[in-house]
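Chemist: Next up is a structure, given as structure tokens.
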Amino acid sequence: MSDNADLERRHFLTAATTIAGGVGIVGAAIPFVASFNPSARARALGAPVEVDISKVEPGALIKVEWRGRAVMILNRTEAMLDSLGDMMSVLADPGSEVSLQPDFAANEHRSLRPEILVVEGVCTHLGCAPIPRFEVAPADLGADWVGGFYCPCHGSKFDLSGRVFSGVPAPTNLTVPPYSFLSDGTLLIGSEAGAV
Ligand code: FES
């Protein structure tokens, strides 16, 4: 191969590599841009999340994500609310003295509306996900169990208000995030503004 031919071949290879590299960059840039559109970025920063709870039947629970954490929303039945008063003697902080909730939730039902519980699904021991256990007196949780949340990692128990039992690894009640109602059937998690 002559010197000229060799030089031309090298120019061709350099150009081909540059074009291929450019395609790679464009290809990689699309998901990057997409992942930083305004709504995704706002969510990552913890923007409030609107949740339609109009179809959550009494006794049903849904989970949503806010600030990368699971938030559990439970529509408590009358029987569930009645059971809260029976649990006081086994709870570590029945009055929610340790402030892990907005002021409006420092009560027995730890919520704005008695029937709607909103708590983070994050165990206050080491961060596992507590499991909803709404059966009464299941074999593995004992005859006194009237329903609540059970953490499978180290056995912490919480009642139907997310209040922690005494003598379990979790030191505090489950956290109630700030929230408000935009309407009867719409929750806004992450903001107390606009409560109805
Ligand atoms: S993380 Fe829940 S009991 Fe340890």
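For the structure tokens, the naming scheme is as follows: chains receive sequential letters (A, B, ...) according to their order of presentation, residues are indexed from 1 within each chain, and ligands are indexed from 1 in presentation order.
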Taking 3 positions as the minimum chain separation for residues in the same chain, which residues sit within 10 Å of segment 166-177 of chain A when counting only C-alpha atoms? Answer as number ranges by chain.

Modeler: A: 66, 71-72, 89-94, 96-102, 105-106, 110-111, 117-127, 130, 149, 151, 153-159, 161-163, 180, 189-192

Chemist: Select from segment 32-122 of chain A everything DSSP, run on the backbone, classes as alpha helix (DSSP H), then give the selection as a PyMOL selection string.

Modeler: chain A and resi 32-34+38-44+78-84

Chemist: Store the residues picked out above, limited to N, CA and C atoms, as a compact mmCIF listing (two decimals), in the first residue's frame.

Modeler:
```
# COMPACT_ATOMS: atom_id res chain seq x y z
N PHE A 32 -31.17 10.05 29.20
CA PHE A 32 -30.69 10.99 30.22
C PHE A 32 -31.61 12.21 30.28
N VAL A 33 -31.91 12.77 29.07
CA VAL A 33 -32.79 13.94 29.02
C VAL A 33 -34.17 13.56 29.53
N ALA A 34 -34.65 12.39 29.08
CA ALA A 34 -35.99 11.98 29.48
C ALA A 34 -36.10 11.83 30.99
N PRO A 38 -39.16 17.87 33.75
CA PRO A 38 -39.51 18.60 34.98
C PRO A 38 -40.28 17.76 36.00
N SER A 39 -41.25 16.93 35.56
CA SER A 39 -42.05 16.21 36.54
C SER A 39 -41.23 15.16 37.25
N ALA A 40 -40.33 14.47 36.50
CA ALA A 40 -39.50 13.46 37.14
C ALA A 40 -38.55 14.11 38.13
N ARG A 41 -37.99 15.25 37.75
CA ARG A 41 -37.07 15.93 38.66
C ARG A 41 -37.80 16.42 39.91
N ALA A 42 -39.01 16.94 39.70
CA ALA A 42 -39.80 17.42 40.85
C ALA A 42 -40.11 16.26 41.79
N ARG A 43 -40.45 15.11 41.19
CA ARG A 43 -40.75 13.95 42.04
C ARG A 43 -39.54 13.55 42.84
N ALA A 44 -38.35 13.56 42.16
CA ALA A 44 -37.13 13.16 42.84
C ALA A 44 -36.82 14.09 44.01
N GLU A 78 -65.09 0.68 60.69
CA GLU A 78 -65.52 1.01 62.07
C GLU A 78 -64.88 0.07 63.08
N ALA A 79 -64.87 -1.24 62.74
CA ALA A 79 -64.30 -2.24 63.65
C ALA A 79 -62.81 -1.98 63.86
N MET A 80 -62.11 -1.61 62.81
CA MET A 80 -60.67 -1.30 62.94
C MET A 80 -60.47 -0.10 63.87
N LEU A 81 -61.29 0.93 63.69
CA LEU A 81 -61.16 2.12 64.54
C LEU A 81 -61.49 1.77 66.00
N ASP A 82 -62.50 0.93 66.19
CA ASP A 82 -62.86 0.53 67.55
C ASP A 82 -61.71 -0.20 68.24
N SER A 83 -60.96 -0.97 67.46
CA SER A 83 -59.89 -1.79 68.06
C SER A 83 -58.75 -0.93 68.59
N LEU A 84 -58.63 0.31 68.13
CA LEU A 84 -57.50 1.15 68.54
C LEU A 84 -57.48 1.37 70.06
```

Chemist: Calculate how many Å separate atom CA of Pro132 of chain A from atom CA of Gly148 of chain A, rounding to one decimal.

Modeler: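 For atom CA of Pro132 of chain A relative to atom CA of Gly148 of chain A, the distance reads 6.2 Å.
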
Chemist: What is the distance, in Å and to one decimal place, between atom CA of Thr186 of chain A and atom CA of Gly95 of chain A?

Modeler: 27.4 Å

Chemist: In Å, how far is it from atom CA of Val49 of chain A to atom CA of Arg67 of chain A?

Modeler: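 Going from atom CA of Val49 of chain A over to atom CA of Arg67 of chain A covers 9.2 Å.
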